[in-house]
>>> print(open('structure-v4.cif').read())   # mmCIF, C-alpha atoms
data_query
#
loop_
_atom_site.label_atom_id
_atom_site.label_comp_id
_atom_site.auth_asym_id
_atom_site.auth_seq_id
_atom_site.Cartn_x
_atom_site.Cartn_y
_atom_site.Cartn_z
CA MET I 1 245.01 9.66 236.08
CA ARG I 2 245.98 13.01 234.53
CA ARG I 3 248.87 11.43 232.66
CA ALA I 4 246.56 8.78 231.23
CA ALA I 5 244.04 11.42 230.15
CA ALA I 6 246.71 13.49 228.48
CA VAL I 7 247.99 10.62 226.36
CA THR I 8 244.95 10.80 224.10
CA ARG I 9 243.81 14.04 222.55
CA SER I 10 240.44 12.60 221.82
CA MET I 11 238.69 9.35 222.79
CA ALA I 12 235.65 8.58 220.71
CA VAL I 13 232.50 6.65 221.30
CA ALA I 14 230.87 5.74 218.00
CA VAL I 15 227.16 6.12 218.37
CA LYS I 16 224.97 4.78 215.59
CA THR I 17 221.25 5.30 215.27
CA ARG I 18 218.66 2.60 215.82
CA GLN I 19 219.80 -0.12 213.45
CA ALA I 20 223.51 0.21 213.84
CA SER I 21 225.87 -1.40 216.23
CA THR I 22 227.83 0.79 218.58
CA ALA I 23 230.70 1.71 220.26
CA VAL I 24 234.36 1.29 220.06
CA GLU I 25 236.19 3.03 222.85
CA VAL I 26 235.47 4.30 226.32
CA ALA I 27 235.21 8.05 226.79
CA PRO I 28 237.60 9.64 229.31
CA ALA I 29 236.62 9.55 232.94
CA ARG I 30 234.59 12.51 234.10
CA PRO I 31 233.52 13.69 237.51
CA ALA I 32 230.92 11.37 238.96
CA GLY I 33 227.45 12.57 239.79
CA SER I 34 225.77 12.18 243.15
CA ARG I 35 225.60 8.65 244.58
CA TRP I 36 222.10 9.34 245.87
CA PRO I 37 219.21 7.96 243.77
CA SER I 38 217.72 10.74 241.62
CA ALA I 39 214.44 10.63 243.59
CA LEU I 40 216.32 11.58 246.78
CA ARG I 41 218.44 14.40 245.34
CA TRP I 42 217.48 18.07 245.71
CA MET I 43 218.36 18.48 242.03
CA PRO I 44 217.42 15.29 240.14
CA THR I 45 220.39 15.43 237.76
CA SER I 46 223.95 14.19 237.30
CA THR I 47 226.73 14.05 234.71
CA GLY I 48 225.32 10.74 233.51
CA SER I 49 221.91 12.35 233.07
CA ILE I 50 223.33 14.85 230.55
CA VAL I 51 224.88 12.03 228.53
CA ALA I 52 221.67 9.99 228.59
CA ALA I 53 219.50 12.97 227.64
CA GLU I 54 221.76 13.80 224.68
CA LYS I 55 221.69 10.19 223.46
CA SER I 56 217.90 10.05 223.67
CA LEU I 57 217.54 13.29 221.71
CA LEU I 58 219.97 12.25 218.97
CA ALA I 59 218.36 8.80 218.77
CA THR I 60 215.51 10.48 216.87
CA LEU I 61 217.89 11.03 213.92
CA LYS I 62 218.43 8.82 210.90
CA THR I 63 222.05 9.82 210.27
CA SER I 64 224.84 7.94 212.03
CA TYR I 65 227.20 9.96 214.17
CA VAL I 66 230.25 9.76 216.39
CA GLN I 67 230.27 11.36 219.82
CA GLU I 68 233.62 12.14 221.43
CA GLN I 69 235.15 14.06 224.30
CA VAL I 70 237.99 16.01 222.67
CA ASN I 71 240.85 16.64 225.08
CA ILE I 72 242.05 20.25 224.74
CA GLY I 73 244.43 19.97 227.70
CA PRO I 74 244.64 22.34 230.66
CA ALA I 75 244.54 26.09 230.13
CA PRO I 76 248.01 26.87 228.71
CA PRO I 77 250.15 29.43 230.56
CA GLY I 78 250.29 32.85 229.01
CA LEU I 79 246.64 33.01 227.95
CA LYS I 80 244.38 35.83 229.11
CA VAL I 81 242.26 33.34 231.05
CA ARG I 82 243.04 32.74 234.71
CA SER I 83 243.26 29.05 235.51
CA SER I 84 242.90 27.52 238.96
CA SER I 85 243.56 23.97 237.77
CA ASP I 86 245.94 21.99 235.60
CA LYS I 87 243.32 19.32 234.85
CA PRO I 88 242.63 18.55 231.18
CA ARG I 89 239.48 20.01 229.68
CA PHE I 90 237.17 18.21 227.26
CA ILE I 91 234.86 19.51 224.54
CA ASN I 92 231.80 17.40 223.82
CA THR I 93 231.74 16.89 220.04
CA VAL I 94 229.31 15.18 217.68
CA THR I 95 230.28 14.45 214.06
CA PHE I 96 227.77 13.18 211.49
CA ASP I 97 228.45 10.80 208.62
CA SER I 98 228.81 12.49 205.23
CA LYS I 99 230.27 12.15 201.76
CA GLU I 100 234.07 12.22 201.65
CA ASP I 101 234.27 15.45 199.65
CA ALA I 102 231.59 17.31 201.63
CA PRO I 103 232.58 20.69 203.10
CA THR I 104 232.86 20.87 206.90
CA LEU I 105 230.23 22.82 208.83
CA VAL I 106 231.04 23.53 212.50
CA MET I 107 228.02 24.54 214.61
CA VAL I 108 228.28 26.53 217.86
CA HIS I 109 225.28 26.98 220.19
CA GLY I 110 224.21 30.08 222.10
CA PHE I 111 224.04 31.08 225.78
CA GLY I 112 222.28 28.61 228.05
CA ALA I 113 222.01 26.10 225.20
CA SER I 114 223.89 23.04 223.90
CA GLN I 115 224.58 21.44 220.53
CA GLY I 116 221.67 18.99 220.85
CA LEU I 117 219.17 21.80 220.20
CA PHE I 118 220.21 21.65 216.53
CA PHE I 119 218.76 18.12 216.40
CA ARG I 120 216.00 19.07 213.96
CA ASN I 121 218.60 20.18 211.40
CA PHE I 122 221.31 17.52 211.57
CA ASP I 123 219.77 14.97 209.18
CA ALA I 124 219.13 17.51 206.40
CA LEU I 125 222.46 19.32 206.82
CA ALA I 126 224.39 16.04 206.78
CA THR I 127 223.20 15.40 203.21
CA ARG I 128 225.48 18.20 202.00
CA PHE I 129 228.00 18.80 204.80
CA ARG I 130 230.31 17.03 207.18
CA VAL I 131 228.51 18.41 210.23
CA ILE I 132 230.40 18.86 213.51
CA ALA I 133 228.53 20.31 216.50
CA ILE I 134 230.15 21.15 219.83
CA ASP I 135 229.25 22.14 223.36
CA GLN I 136 231.29 25.19 224.28
CA LEU I 137 233.62 24.92 227.28
CA GLY I 138 231.59 24.98 230.50
CA CYS I 139 228.35 24.11 228.70
CA GLY I 140 226.29 21.02 227.89
CA GLY I 141 228.31 17.82 228.05
CA SER I 142 231.73 19.53 227.93
CA SER I 143 234.01 19.98 230.95
CA ARG I 144 232.78 22.50 233.48
CA PRO I 145 235.90 23.98 235.08
CA ASP I 146 235.64 26.72 237.69
CA PHE I 147 234.90 30.01 235.94
CA THR I 148 237.65 32.38 237.04
CA CYS I 149 237.29 35.23 234.52
CA ARG I 150 236.92 38.74 235.89
CA SER I 151 236.49 40.87 232.76
CA THR I 152 234.92 40.88 229.30
CA GLU I 153 238.35 40.38 227.72
CA GLU I 154 239.13 37.32 229.86
CA THR I 155 235.66 35.89 229.25
CA GLU I 156 236.00 36.20 225.48
CA ALA I 157 239.37 34.45 225.70
CA TRP I 158 237.78 31.61 227.73
CA PHE I 159 235.57 30.70 224.75
CA ILE I 160 237.75 31.73 221.80
CA ASP I 161 240.97 30.12 223.02
CA SER I 162 239.24 26.88 224.02
CA PHE I 163 237.65 26.72 220.56
CA GLU I 164 241.07 27.18 218.94
CA GLU I 165 242.55 24.42 221.12
CA TRP I 166 239.65 22.20 220.05
CA ARG I 167 240.31 23.04 216.38
CA LYS I 168 243.97 22.07 216.79
CA ALA I 169 243.05 18.81 218.51
CA LYS I 170 240.67 17.97 215.64
CA ASN I 171 243.22 19.14 213.03
CA LEU I 172 240.58 21.20 211.25
CA SER I 173 240.98 24.00 208.74
CA ASN I 174 238.99 25.51 205.89
CA PHE I 175 235.60 25.03 207.50
CA ILE I 176 232.32 26.93 207.46
CA LEU I 177 231.63 28.27 210.96
CA LEU I 178 228.04 28.73 212.15
CA GLY I 179 227.17 30.34 215.46
CA HIS I 180 223.79 31.06 217.02
CA SER I 181 223.13 34.04 219.32
CA PHE I 182 226.05 34.16 221.80
CA GLY I 183 227.66 31.43 219.67
CA GLY I 184 227.53 33.96 216.82
CA TYR I 185 229.37 36.45 219.02
CA VAL I 186 232.08 33.86 219.75
CA ALA I 187 232.26 32.79 216.09
CA SER I 188 232.66 36.43 214.98
CA GLN I 189 235.47 37.07 217.43
CA TYR I 190 237.15 33.78 216.49
CA ALA I 191 237.02 34.61 212.76
CA LEU I 192 238.53 38.03 213.50
CA GLN I 193 241.48 36.40 215.27
CA HIS I 194 241.86 33.30 213.08
CA PRO I 195 240.48 34.13 209.62
CA GLU I 196 242.85 31.68 207.94
CA HIS I 197 240.80 28.72 209.16
CA VAL I 198 237.29 29.93 208.28
CA GLN I 199 235.95 29.73 204.71
CA HIS I 200 232.62 31.34 205.46
CA LEU I 201 230.90 32.67 208.58
CA ILE I 202 227.19 32.07 209.17
CA LEU I 203 225.76 34.13 212.02
CA VAL I 204 222.30 33.06 213.16
CA SER I 205 220.54 35.75 215.22
CA PRO I 206 223.90 36.88 216.64
CA VAL I 207 224.20 39.17 219.65
CA GLY I 208 226.64 42.06 219.53
CA PHE I 209 225.27 43.93 216.52
CA SER I 210 222.41 45.98 217.96
CA PRO I 211 222.70 49.70 217.10
CA GLU I 212 222.94 52.04 220.07
CA ALA I 213 219.78 53.84 218.94
CA TYR I 214 217.74 50.61 218.92
CA PRO I 215 214.38 51.29 220.69
CA SER I 216 214.80 48.37 223.12
CA ALA I 217 218.06 49.88 224.39
CA GLU I 218 216.26 53.14 225.16
CA ARG I 219 213.50 51.28 227.06
CA ILE I 220 216.09 49.40 229.13
CA THR I 221 217.84 52.67 230.02
CA LYS I 222 214.56 54.11 231.31
CA PHE I 223 213.73 50.88 233.17
CA ARG I 224 217.09 50.96 235.00
CA ALA I 225 216.13 54.31 236.51
CA THR I 226 213.10 52.77 238.28
CA TRP I 227 213.30 50.93 241.62
CA LYS I 228 212.41 47.66 239.90
CA GLY I 229 215.12 48.31 237.35
CA MET I 230 217.68 48.97 240.08
CA ILE I 231 216.85 45.64 241.74
CA ALA I 232 216.97 43.81 238.41
CA ASN I 233 220.28 45.43 237.54
CA HIS I 234 221.72 44.50 240.96
CA LEU I 235 220.78 40.85 240.43
CA TRP I 236 222.23 40.98 236.93
CA GLU I 237 225.53 42.45 238.11
CA SER I 238 225.62 39.78 240.85
CA ASN I 239 225.59 37.16 238.07
CA PHE I 240 222.19 35.82 239.10
CA THR I 241 221.71 33.59 236.06
CA PRO I 242 218.50 31.88 234.87
CA GLN I 243 220.22 28.55 235.53
CA ARG I 244 220.59 29.49 239.18
CA ILE I 245 216.82 29.80 239.47
CA VAL I 246 216.36 26.30 238.05
CA ARG I 247 218.88 24.85 240.50
CA GLY I 248 217.26 26.68 243.40
CA LEU I 249 213.90 25.13 242.58
CA GLY I 250 215.35 21.67 243.14
CA PRO I 251 212.80 18.94 242.32
CA TRP I 252 210.44 21.56 240.85
CA GLY I 253 213.05 22.63 238.27
CA PRO I 254 212.02 20.08 235.59
CA SER I 255 208.40 21.29 235.64
CA LEU I 256 209.56 24.91 235.11
CA ILE I 257 211.62 23.81 232.09
CA GLN I 258 208.65 21.83 230.79
CA ARG I 259 206.41 24.90 230.92
CA TYR I 260 209.09 26.94 229.15
CA THR I 261 209.57 24.33 226.40
CA THR I 262 205.84 23.96 225.83
CA SER I 263 205.17 27.69 225.63
CA ARG I 264 208.31 28.49 223.61
CA PHE I 265 208.37 25.68 221.05
CA GLY I 266 205.01 23.93 221.34
CA SER I 267 203.00 26.27 219.15
CA CYS I 268 205.15 27.40 216.22
CA SER I 269 203.18 29.16 213.49
CA THR I 270 204.29 26.59 210.91
CA ASP I 271 203.80 22.83 210.90
CA ALA I 272 207.15 22.63 212.68
CA SER I 273 205.85 22.57 216.25
CA LEU I 274 207.59 20.04 218.46
CA SER I 275 205.73 16.75 218.81
CA LYS I 276 204.84 15.59 222.30
CA HIS I 277 207.73 13.13 222.21
CA GLU I 278 210.21 15.74 220.95
CA SER I 279 209.02 18.22 223.58
CA SER I 280 209.61 15.64 226.32
CA LEU I 281 213.13 14.88 225.06
CA VAL I 282 214.02 18.57 224.68
CA THR I 283 212.68 19.32 228.17
CA ASP I 284 214.79 16.56 229.69
CA TYR I 285 217.87 17.67 227.77
CA ILE I 286 217.52 21.36 228.63
CA TYR I 287 216.88 20.60 232.30
CA HIS I 288 219.98 18.44 232.79
CA THR I 289 222.30 20.80 230.89
CA THR I 290 220.84 23.76 232.82
CA ALA I 291 220.97 22.25 236.32
CA ALA I 292 224.57 21.01 236.01
CA LYS I 293 227.49 22.78 237.71
CA ALA I 294 227.68 26.52 236.97
CA SER I 295 230.63 27.20 234.68
CA GLY I 296 230.37 28.74 231.21
CA GLU I 297 227.04 30.38 232.09
CA LEU I 298 228.93 32.73 234.43
CA CYS I 299 230.06 34.66 231.35
CA PHE I 300 226.61 36.28 231.72
CA LYS I 301 227.56 39.48 233.54
CA TYR I 302 230.81 40.02 231.64
CA ILE I 303 229.36 39.62 228.14
CA PHE I 304 225.84 41.03 228.61
CA SER I 305 224.38 44.05 230.35
CA LEU I 306 220.78 44.15 231.57
CA GLY I 307 218.47 43.44 228.64
CA ALA I 308 220.88 41.01 226.95
CA PHE I 309 222.77 43.76 225.12
CA THR I 310 226.46 42.95 224.82
CA ARG I 311 228.85 45.14 226.76
CA LYS I 312 231.16 45.16 223.75
CA SER I 313 229.65 45.95 220.36
CA LEU I 314 231.02 44.10 217.34
CA LEU I 315 230.03 46.92 214.98
CA PRO I 316 233.33 48.88 215.30
CA SER I 317 235.31 45.83 214.15
CA SER I 318 233.29 45.38 210.93
CA SER I 319 235.88 47.05 208.73
CA ASN I 320 238.49 44.53 209.91
CA TRP I 321 236.57 41.40 208.90
CA LYS I 322 238.40 39.16 206.42
CA VAL I 323 235.89 36.31 206.12
CA PRO I 324 232.81 36.45 203.83
CA ASN I 325 229.67 36.08 205.91
CA THR I 326 225.93 35.55 205.99
CA PHE I 327 223.54 36.76 208.70
CA ILE I 328 220.34 34.76 209.25
CA TYR I 329 217.43 36.11 211.32
CA GLY I 330 213.88 35.04 212.06
CA GLU I 331 211.29 37.64 211.07
CA ASP I 332 210.10 37.73 214.70
CA ASP I 333 213.62 37.71 216.12
CA TRP I 334 214.41 39.91 219.13
CA THR I 335 217.94 40.41 217.77
CA ASN I 336 218.04 43.25 215.30
CA TYR I 337 219.02 42.80 211.64
CA HIS I 338 219.50 46.55 211.19
CA GLY I 339 222.77 46.20 213.07
CA ALA I 340 223.93 43.68 210.47
CA GLN I 341 223.01 46.15 207.75
CA GLN I 342 225.10 48.77 209.52
CA ALA I 343 228.02 46.36 209.80
CA ARG I 344 227.79 45.45 206.11
CA LYS I 345 228.34 49.08 205.10
CA ASP I 346 231.80 49.01 206.70
CA MET I 347 232.87 45.53 205.53
CA LYS I 348 235.38 44.93 202.77
CA VAL I 349 234.19 41.31 202.28
CA PRO I 350 230.91 39.94 200.87
CA CYS I 351 228.05 40.03 203.39
CA GLU I 352 224.49 38.79 202.95
CA ILE I 353 221.49 39.12 205.26
CA VAL I 354 218.60 36.64 205.07
CA ARG I 355 215.35 36.69 207.05
CA ILE I 356 213.24 33.58 207.61
CA PRO I 357 209.44 33.82 207.92
CA GLN I 358 207.41 32.34 210.77
CA ALA I 359 210.39 32.13 213.10
CA GLY I 360 211.92 34.01 216.00
CA HIS I 361 215.25 33.77 217.78
CA PHE I 362 215.37 29.95 217.70
CA VAL I 363 214.83 29.84 213.95
CA PHE I 364 216.43 26.38 213.62
CA LEU I 365 213.75 24.91 215.91
CA GLU I 366 210.81 27.06 214.84
CA ASN I 367 211.20 26.74 211.06
CA PRO I 368 213.85 24.04 210.55
CA SER I 369 213.31 23.44 206.82
CA ALA I 370 213.67 27.14 205.98
CA PHE I 371 216.71 27.37 208.24
CA VAL I 372 218.42 24.48 206.43
CA SER I 373 217.59 26.10 203.07
CA ALA I 374 219.17 29.35 204.26
CA VAL I 375 222.35 27.53 205.35
CA PHE I 376 222.55 25.77 201.96
CA TYR I 377 222.12 29.11 200.21
CA ALA I 378 224.77 30.79 202.37
CA SER I 379 227.21 27.95 201.57
CA ARG I 380 226.39 27.61 197.87
CA ASP I 381 229.97 28.39 196.74
CA PHE I 382 231.24 25.31 198.62
CA LEU I 383 228.50 22.79 197.84
CA SER I 384 228.47 20.25 195.03
CA ARG I 385 226.68 21.41 191.90
CA ASP I 386 225.23 17.93 191.42
CA ALA I 387 222.19 19.02 193.38
CA GLU I 388 220.96 22.45 192.37
CA GLU I 389 218.53 22.72 195.28
CA GLY I 390 219.62 25.42 197.71
CA LEU I 391 221.93 27.20 195.27
CA SER I 392 219.43 30.02 194.73
CA LEU I 393 217.45 31.93 197.34
CA PRO I 394 214.55 29.64 198.34
CA ASN I 395 210.97 30.83 198.14
CA GLY I 396 209.75 32.50 201.31
CA LEU I 397 213.16 33.71 202.46
CA THR I 398 213.84 37.43 202.27
CA TYR I 399 217.16 38.89 201.15
CA VAL I 400 217.74 42.17 202.99
#
>>> encode(input="structure-v4.cif", output="structure tokens")
Amino acid sequence: MRRAAAVTRSMAVAVKTRQASTAVEVAPARPAGSRWPSALRWMPTSTGSIVAAEKSLLATLKTSYVQEQVNIGPAPPGLKVRSSSDKPRFINTVTFDSKEDAPTLVMVHGFGASQGLFFRNFDALATRFRVIAIDQLGCGGSSRPDFTCRSTEETEAWFIDSFEEWRKAKNLSNFILLGHSFGGYVASQYALQHPEHVQHLILVSPVGFSPEAYPSAERITKFRATWKGMIANHLWESNFTPQRIVRGLGPWGPSLIQRYTTSRFGSCSTDASLSKHESSLVTDYIYHTTAAKASGELCFKYIFSLGAFTRKSLLPSSSNWKVPNTFIYGEDDWTNYHGAQQARKDMKVPCEIVRIPQAGHFVFLENPSAFVSAVFYASRDFLSRDAEEGLSLPNGLTYV
């Protein structure tokens, strides 16, 4: 079975939207879900449920796409990551149809998320880019190997090295790399180690750039000194993740996710609120990707300290950056753009900071049209001049 899986670096399933015919090849075998009917399981989810939820969400799009499980092989010997298995690992990858000469945009999601949450942006972005979105190793529809890391350094290598193996398998170079939140942290570290492959770096509400004097950090320090803070910190250091709560709730987990989705994305201040149908699809998708086997989420305690501040700041490395970059923040974002301003002072490459109105941390869901405009603007040096739209700073966006 392993030998057969290793023969192919990537086995694709072509998935077309509504009118199109489908599929060409069978994706590689993956661990089977429970044989019990979903109504009789403590957690009503399975591997097949993730696949089905992703398909339903992407079926709302007009642009054709190809979904594939890209084989990145087992963890190679000599890497910083401990490996307890020689099984091949797969990265769930979605590539959207585009013009032949379009620049490549690779999109990387944040902690506790998956590539499908960019669904409101794919159609518009695909008009100017060859869009490729992935689920990071241990997340979404990608393989979920046992998480064996025991330090921040090993945890960073888990994500960065698996991304580089994916890049090799896809034979990619000279691409624009976009990362959101924790995905921005990974993208930043990747560009530091492999700048030769990245044309431009787009960091959307990235973690890792908060100044030490940021007021929230001071409040967290005071909170830790209280008895509630000590309990919270103990749970955090025990790697008690939000996903663990959802799993523990069993059949009540989906209703918790539904309440979260409704309160978080159901009342955006623009006309971009999720429709009832979209909210249902997003709820289903988030639940199944959250309740699946714990793997990549266990980076939690090694990357973040209590309060979601990264244990390792990216600010000291700013002077070593070799890739031009753009930071994008929502005006109501909990991540702090002042850290990006501080980083820019030390950079020897071009750096821009753009803020989007009427949006918070999930700017691509809360104000999708403005987000797409910001990405076009950030990538203007690589886009065709045939369409002038997006080549100047759009109205409403603030250049910091």
>>> closest_residue(input="structure-v4.cif", among="I:Glu196, I:Glu297, I:Glu54, I:Asp161", to="Lys322 of chain I", atoms="all atoms listed in the file")
I:Glu196
>>> closest_residue(input="structure-v4.cif", among="I:Ala53, I:Ala343, I:Ile328, I:Ala113", to="Ser373 of chain I", atoms="all atoms listed in the file")
I:Ile328
>>> residues_around(input="structure-v4.cif", residues="Ser255 of chain I", least_positions_apart="3", cutoff="10 Å", atoms="only C-alpha atoms", output="number ranges by chain")
I: 246, 249, 251-252, 258-261, 283-284, 287
>>> resolve_selection(input="structure-v4.cif", expression="the PyMOL selection byres ((chain I and resi 123) around 9)", output="PyMOL selection string")
chain I and resi 61-63+96+119-122+124-127
>>> resolve_selection(input="structure-v4.cif", expression="the PyMOL selection byres ((chain I and resi 178-194) around 7)", output="list of chain:residue names")
I:Val106, I:Met107, I:Val108, I:His109, I:Gly110, I:Phe111, I:Phe159, I:Ile160, I:Ile176, I:Leu177, I:Pro195, I:Glu196, I:His197, I:Val198, I:Leu201, I:Ile202, I:Leu203, I:Val204, I:Ser205, I:Pro206, I:Val207, I:Gly208, I:Trp321, I:Val323
>>> resolve_selection(input="structure-v4.cif", expression="the PyMOL selection byres ((chain I and resi 333) around 12)", output="PyMOL selection string")
chain I and resi 181+204-207+328-332+334-338+355-364+366
>>> residues_around(input="structure-v4.cif", residues="Pro103 of chain I", least_positions_apart="4", cutoff="12 Å", atoms="all atoms listed in the file", output="number ranges by chain")
I: 98-99, 125-132, 172-177, 198-200, 376, 379-384
>>> atom_distance(input="structure-v4.cif", atom1="atom CA of Asn92 of chain I", atom2="atom CA of Trp236 of chain I")
28.6 Å
>>> closest_residue(input="structure-v4.cif", among="I:Trp166, I:Asn239, I:Phe209, I:Ile286", to="Arg311 of chain I", atoms="all atoms listed in the file")
I:Phe209
>>> axis_aligned_box(input="structure-v4.cif", around="segment 296-305 of chain I", padding_each_side="4 Å", output="AutoDock Vina command-line options")
--center_x 227.6 --center_y 36.4 --center_z 231.3 --size_x 14.4 --size_y 23.3 --size_z 14.3
>>> atom_distance(input="structure-v4.cif", atom1="atom CA of Arg264 of chain I", atom2="atom CA of Val282 of chain I")
11.5 Å
>>> closest_residue(input="structure-v4.cif", among="I:Pro74, I:Pro394, I:Gly138, I:Gly339", to="Gly296 of chain I", atoms="all atoms listed in the file")
I:Gly138
>>> atom_distance(input="structure-v4.cif", atom1="atom CA of Phe118 of chain I", atom2="atom CA of Ala294 of chain I")
22.3 Å
>>> closest_residue(input="structure-v4.cif", among="I:Arg150, I:Arg144, I:Lys55, I:Lys87", to="Lys301 of chain I", atoms="only C-alpha atoms")
I:Arg150
>>> residues_around(input="structure-v4.cif", residues="Cys351 of chain I", least_positions_apart="2", cutoff="10 Å", atoms="all atoms listed in the file", output="MDAnalysis selection string")
chainID I and resid 201:202 323:327 340:341 343:345 347:349 353 378
>>> write_last_selection(input="structure-v4.cif", atoms="C-alpha atoms", output="PDB file, in the coordinates of the input")
ATOM      1  CA  LEU I 201     230.900  32.670 208.580  1.00  0.00           C
ATOM      2  CA  ILE I 202     227.190  32.070 209.170  1.00  0.00           C
ATOM      3  CA  VAL I 323     235.890  36.310 206.120  1.00  0.00           C
ATOM      4  CA  PRO I 324     232.810  36.450 203.830  1.00  0.00           C
ATOM      5  CA  ASN I 325     229.670  36.080 205.910  1.00  0.00           C
ATOM      6  CA  THR I 326     225.930  35.550 205.990  1.00  0.00           C
ATOM      7  CA  PHE I 327     223.540  36.760 208.700  1.00  0.00           C
ATOM      8  CA  ALA I 340     223.930  43.680 210.470  1.00  0.00           C
ATOM      9  CA  GLN I 341     223.010  46.150 207.750  1.00  0.00           C
ATOM     10  CA  ALA I 343     228.020  46.360 209.800  1.00  0.00           C
ATOM     11  CA  ARG I 344     227.790  45.450 206.110  1.00  0.00           C
ATOM     12  CA  LYS I 345     228.340  49.080 205.100  1.00  0.00           C
ATOM     13  CA  MET I 347     232.870  45.530 205.530  1.00  0.00           C
ATOM     14  CA  LYS I 348     235.380  44.930 202.770  1.00  0.00           C
ATOM     15  CA  VAL I 349     234.190  41.310 202.280  1.00  0.00           C
ATOM     16  CA  ILE I 353     221.490  39.120 205.260  1.00  0.00           C
ATOM     17  CA  ALA I 378     224.770  30.790 202.370  1.00  0.00           C
TER      18      ALA I 378
END
>>> closest_residue(input="structure-v4.cif", among="I:Gln243, I:His234, I:Gly250, I:Leu306", to="Arg219 of chain I", atoms="only C-alpha atoms")
I:Leu306
>>> residues_around(input="structure-v4.cif", residues="Leu137 of chain I", least_positions_apart="5", cutoff="9 Å", atoms="all atoms listed in the file", output="count of residues only")
14
>>> build_atoms(input="structure-v4.cif", residues="segment 52-57 of chain I", atoms="all heavy atoms", output="mmCIF file, in the frame of the given file")
data_model
loop_
_atom_site.group_PDB
_atom_site.id
_atom_site.type_symbol
_atom_site.label_atom_id
_atom_site.label_comp_id
_atom_site.auth_asym_id
_atom_site.auth_seq_id
_atom_site.Cartn_x
_atom_site.Cartn_y
_atom_site.Cartn_z
ATOM 1 N N ALA I 52 222.853 10.764 228.961
ATOM 2 C CA ALA I 52 221.670 9.990 228.590
ATOM 3 C C ALA I 52 220.650 10.844 227.843
ATOM 4 O O ALA I 52 220.040 10.383 226.862
ATOM 5 C CB ALA I 52 221.042 9.383 229.844
ATOM 6 N N ALA I 53 220.460 12.082 228.287
ATOM 7 C CA ALA I 53 219.500 12.970 227.640
ATOM 8 C C ALA I 53 219.936 13.301 226.216
ATOM 9 O O ALA I 53 219.115 13.363 225.296
ATOM 10 C CB ALA I 53 219.319 14.243 228.454
ATOM 11 N N GLU I 54 221.232 13.523 226.032
ATOM 12 C CA GLU I 54 221.760 13.800 224.680
ATOM 13 C C GLU I 54 221.557 12.599 223.765
ATOM 14 O O GLU I 54 221.128 12.737 222.615
ATOM 15 C CB GLU I 54 223.238 14.168 224.751
ATOM 16 C CG GLU I 54 223.853 14.444 223.392
ATOM 17 C CD GLU I 54 225.348 14.703 223.474
ATOM 18 O OE1 GLU I 54 225.734 15.846 223.768
ATOM 19 O OE2 GLU I 54 226.131 13.748 223.261
ATOM 20 N N LYS I 55 221.869 11.408 224.271
ATOM 21 C CA LYS I 55 221.690 10.190 223.460
ATOM 22 C C LYS I 55 220.243 10.001 223.053
ATOM 23 O O LYS I 55 219.946 9.648 221.906
ATOM 24 C CB LYS I 55 222.168 8.959 224.243
ATOM 25 C CG LYS I 55 223.653 8.686 224.156
ATOM 26 C CD LYS I 55 223.981 7.347 224.789
ATOM 27 C CE LYS I 55 225.452 7.018 224.625
ATOM 28 N NZ LYS I 55 225.794 5.708 225.238
ATOM 29 N N SER I 56 219.328 10.227 223.976
ATOM 30 C CA SER I 56 217.900 10.050 223.670
ATOM 31 C C SER I 56 217.449 11.038 222.604
ATOM 32 O O SER I 56 216.677 10.686 221.704
ATOM 33 C CB SER I 56 217.070 10.238 224.944
ATOM 34 O OG SER I 56 217.371 9.243 225.901
ATOM 35 N N LEU I 57 217.922 12.276 222.684
ATOM 36 C CA LEU I 57 217.540 13.290 221.710
ATOM 37 C C LEU I 57 218.086 12.948 220.326
ATOM 38 O O LEU I 57 217.367 13.005 219.319
ATOM 39 C CB LEU I 57 218.054 14.658 222.171
ATOM 40 C CG LEU I 57 217.534 15.896 221.433
ATOM 41 C CD1 LEU I 57 216.022 16.014 221.579
ATOM 42 C CD2 LEU I 57 218.212 17.153 221.969
#
